[in-house]
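Visitor: Mind looking over this structure? Questions follow.
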Amino acid sequence: MKKIKVMIVDDHSLIREGLTQILELENDIEVIAQASNGRDAVEQAMSSDPDVILMDINMPIQNGLSAIKELKSKGCEANIIVLTIHEDREYLLEAINIGAHGYVMKDAKADHIIDAIRSVYSGGTYIQANMASDLLYAIDKPSYKAVKKSFTQNDLTPREIEVLLLIADGFNNRDIADKLYISEKTVKNHVSSIFKKLDVADRTQAAIYVFRNYLN
């Protein structure tokens with residue numbers, strides 16, 4: 001079995017060691033590196049080639065967000081999960097904007113951290129449940145025209161663009177159906193088509209897609 005190679009970045013050795021012990025109980029996860037600050041994280045990530053990086057934010061020498069930016073600029077292909085004490089919406093939005101694939105609180109249960117690792121390794125996005133709702137409602141809704149300009153006739157249809165904007169605005173399928181005067185089944189069909197065309201797996205990923213592509 002191919003194991004998920006994980007690097008843990010945190011300035012507290014107890015957290016690094018504790019996470020290592022928890023993660024290595026899993027048959028499909030292997031901790032291959034640790035770092036105590038962003039600068040060391042960048043150096044080790046570029047040399048050890050981890051699949052997933054658990055990245056703290058507040059660290060000496062170089063903080064986690066700065067390290068993520070540098071890793072992305074250097075072409076690091078690891079999927080990065082921010083593991084932090086910060087529940088502030090601003091940190092979440094910045095982390096997602098600069099390329100993080102996950103955002104999990106340090107007080108999360110071990111199972112949630114493990115799920116996050118497996119999810120981002122598989123190409124998904126993992127935002128802790130209470131923070132995911134913050135992401136949806138924090139997004140300023142872009143205009144229909146702004147989104148439409150970014151698609152060709154072979155991409156999203158006009159109706160799918162309307163549905164996508166409502167998804168990004170935090171509406172569920174029933175609410176979307178009411179707003180657009182269509183059936184909930186039709187909305188579900190549109191949502192499935194949108195997910196397929198954008199190559200996303202869920203509503204949070206769709207909202208992140210809008211955030212990254214139209215609000216910067």
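Residues are referred to by chain and number: the chain letter is A, B, ... according to the order shown in the structure tokens, the number counts from 1 in that chain, and ligands are numbered separately from 1 in the order shown.
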Tell me which protein, DNA and RNA residues are within 6 Å of range 49-59 of chain A, counting only C-alpha atoms, leaving out same-chain ones fewer than 5 positions away, and put them as a list of chain:residue names.

Guide: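 What passes the distance filter is A:Lys5, A:Val6, A:Met7, A:Ile8, A:Val9, A:Asp10, A:Asp11, A:Asn37, A:Gly64, A:Ala78, A:Asn79, A:Ile80, A:Ile81, A:Val82, A:Leu83, A:Thr84.
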
Visitor: Please provide as a ChimeraX atom specification all residues within 10 Å of Val163 in chain A, with the sequence filter that same-chain residues fewer than 3 positions apart are discarded (counting only C-alpha atoms).

Guide: /A:157-160,166-169,171,173,176-177,179-180,187-188,190-191,194

Visitor: Work out how far CA of Gly124 in chain A is from CA of Ile32 in chain A, in Å to one decimal.

Guide: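 Separation between CA of Ile32 in chain A and CA of Gly124 in chain A: 21.6 Å.
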
Visitor: Excluding same-chain residues fewer than 6 positions from range 110-115 of chain A, what lies within 12 Å of it counting only C-alpha atoms, as a PyMOL selection string?

Guide: chain A and resi 4+6+8+18-30+52-54+81-84+102-104+121-122+124-129

Visitor: Fewer than 4 positions away in the same chain doesn't count, so skip those; otherwise give me all residues within 12 Å of Ser192 in chain A, counting only C-alpha atoms, as a VMD selection string.

Guide: chain A and resid 156 160 163 to 164 173 185 to 188 196 to 203 206

Visitor: Mind writing the picked residues with C-alpha atoms as a CSV table (one decimal), in the first residue's frame?

Guide:
chain,number,residue,atom,x,y,z
A,156,LEU,CA,-21.4,26.7,-17.7
A,160,GLU,CA,-25.7,27.1,-14.2
A,163,VAL,CA,-27.0,28.4,-9.6
A,164,LEU,CA,-23.3,28.6,-8.9
A,173,ASN,CA,-31.1,23.4,-3.2
A,185,LYS,CA,-34.8,18.1,-8.9
A,186,THR,CA,-33.8,20.5,-11.7
A,187,VAL,CA,-31.5,22.3,-9.2
A,188,LYS,CA,-29.9,19.0,-8.3
A,196,LYS,CA,-18.5,18.0,-13.0
A,197,LYS,CA,-17.6,21.0,-15.2
A,198,LEU,CA,-15.6,22.7,-12.5
A,199,ASP,CA,-14.1,19.5,-11.2
A,200,VAL,CA,-15.2,20.0,-7.7
A,201,ALA,CA,-16.7,17.6,-5.2
A,202,ASP,CA,-19.0,19.6,-3.0
A,203,ARG,CA,-20.6,23.0,-2.3
A,206,ALA,CA,-17.6,25.3,-5.5

Visitor: Name the closest residue to Ala207 in chain A among the candidates A:Gly170, A:Ser66, A:Ser183, A:Tyr91; distances are taken between atoms, counting only C-alpha atoms.

Guide: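 The shortest atom-to-atom distance to Ala207 in chain A comes from A:Gly170.
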